Amino acid sequence: MIETGRYLLGAAGASGFGSKSTAEEVTENCDLRSITAIITGATSGIGAETARVLAKRGARLVFPARNVKAAEEAKEKIVSEFPETEIVVMKLDLSSIASVRSFVAGFENLDLPLNLLINNAGKLAHEHAISEDGIEMTFATNYLGHYLLTNLLLKKMIQTAEETGVQGRIVNVTSGIHGWFTGDLIDYLRLISQPKCQFDATRAYALSKLANVLHTKELSSRLQKIGANVIVNCVHPGVVKTRLTRDREGLLTDLVFFLASKLVKTVPQAAATTCYVATNPRLVNVSGKYFTDCNETMPSGLGSNSSEATKLWAASEILVTQPSKAGFDPCS
């Protein structure tokens with residue numbers, strides 16, 4: 001009850017910011033002119049606002065996008081507001097392992113540094129679908145594509161941090177819905193990656209968001225073990241009506257948003273936690289944590305489970321190296 005009251009009032013937490021803080025406010029004193037950032041899902045909603053604010057602070061941006069036309073339009077909009085901004089648009093379909101590998105190869109050819117990776121893109125599937133690699137589409141897009149993208153970019157991030165002395169940062173955008181998932185992650189993923197199954201879109205989405213949390217935990221541990229000057233944290237942006245929810249509009253969705261209107265954030269408020277975790281100097285050497293409303297908090301019990309994080313990582317390594325369309329079997 002107390003936490004709900006603080007949220008509604010927008011009361012500041014230990015960071016000095018709260019639920020009503022905006023992305024511009026949390027980055028007010030940031031100079032990002034030496035920073036190169038990759039932001040997935042930057043064409044609309046939270047990702048677009050995140051990109052706009054980072055551009056305002058001087059960052060060079062790379063937009064990986066499945067819809068290149070939409071990304072070019074997003075670029076034009078930002079450049080019209082901040083003419084000095086450098087933005088590179090590149091093709092990427094996160095649901096495709098081959099596309100992720102192709103994007104990283106193309107990015108490496110640009111010979112750019114990489115200080116910041118924001119894994120923001122997400123989807124909530126209307127209906128059951130399987131990716132070209134044999135993985136349920138929501139999981140493939142929201143988690144597995146980002147897992148592989150991050151792993152393939154780590155060498156560049158570590159190198160950039162060594163050369164510049166600026167700590168690299170990875171931000172995984174998850175959701176409080178990750179706490180809705182219960183059960184065995186791998187067993188459920190195996191079930192929904194079959195061509196025919198009893199599919200629950202919300203549970204599949206919760207699974208993918210839980211995977212983002214566990215990825216953050218395990219990756220942080222691995223980075224610390226090798227002494228890399230790169231940190232990784234995950235964020236819950238809050239409830240906001242973006243394209244992710246608009247795609248599922250209807251009487252029920254509209255009614256829920258009407259009844260919960262006091263809890264729903266504006267897009268600038270929803271982008272605040274991502275921007276805070278991506279830029280705030282107070283978070284140097286803070287890694288493997290979960291943030292809500294620009295303050296560190298605790299994920300679900302399952303999201304805090306180190307053994308589950310390790311198990312998911314092992315399965316993910318198999319999934320991104322198996323032959324295309326070989327079918328789902330992370331234990332083979």
# chains A, B, ... in the order shown; residues from 1 in each chain; ligands from 1
>>> residues_around(residues="segment 84-99 of chain A", least_positions_apart="3", cutoff="9 Å", atoms="only C-alpha atoms", output="ChimeraX atom specification")
/A:40,55-56,58-68,71-72,75,78-79,102-104,106-107,121,131-133,135,137-146,148-149,320-321,324
>>> atom_distance(atom1="atom CA of Thr27 of chain A", atom2="atom CA of Pro237 of chain A")
15.7 Å
>>> closest_residue(among="A:Pro113, A:Gly179, A:Gly238, A:Gly45", to="Ser304 of chain A", atoms="only C-alpha atoms")
A:Gly179
>>> residues_around(residues="segment 156-173 of chain A", least_positions_apart="6", cutoff="6 Å", atoms="only C-alpha atoms", output="list in words")
Pro113, Leu114, Asn115, Leu116, Leu117, Ile118, Asn119, Asn120, Asn229, Val230, Ile231, Val232, Asn233, Cys234 and Val235 of chain A
>>> closest_residue(among="A:Gly288, A:Gly13, A:Pro281, A:Gly301", to="Asp31 of chain A", atoms="only C-alpha atoms")
A:Pro281
>>> select_by_dssp(residues="segment 101-309 of chain A", states="alpha helix (DSSP H)", output="VMD selection string")
chain A and resid 101 to 109 137 to 139 145 to 164 185 to 192 201 to 225 243 to 246 251 to 259 267 to 270 272 to 279 306 to 309
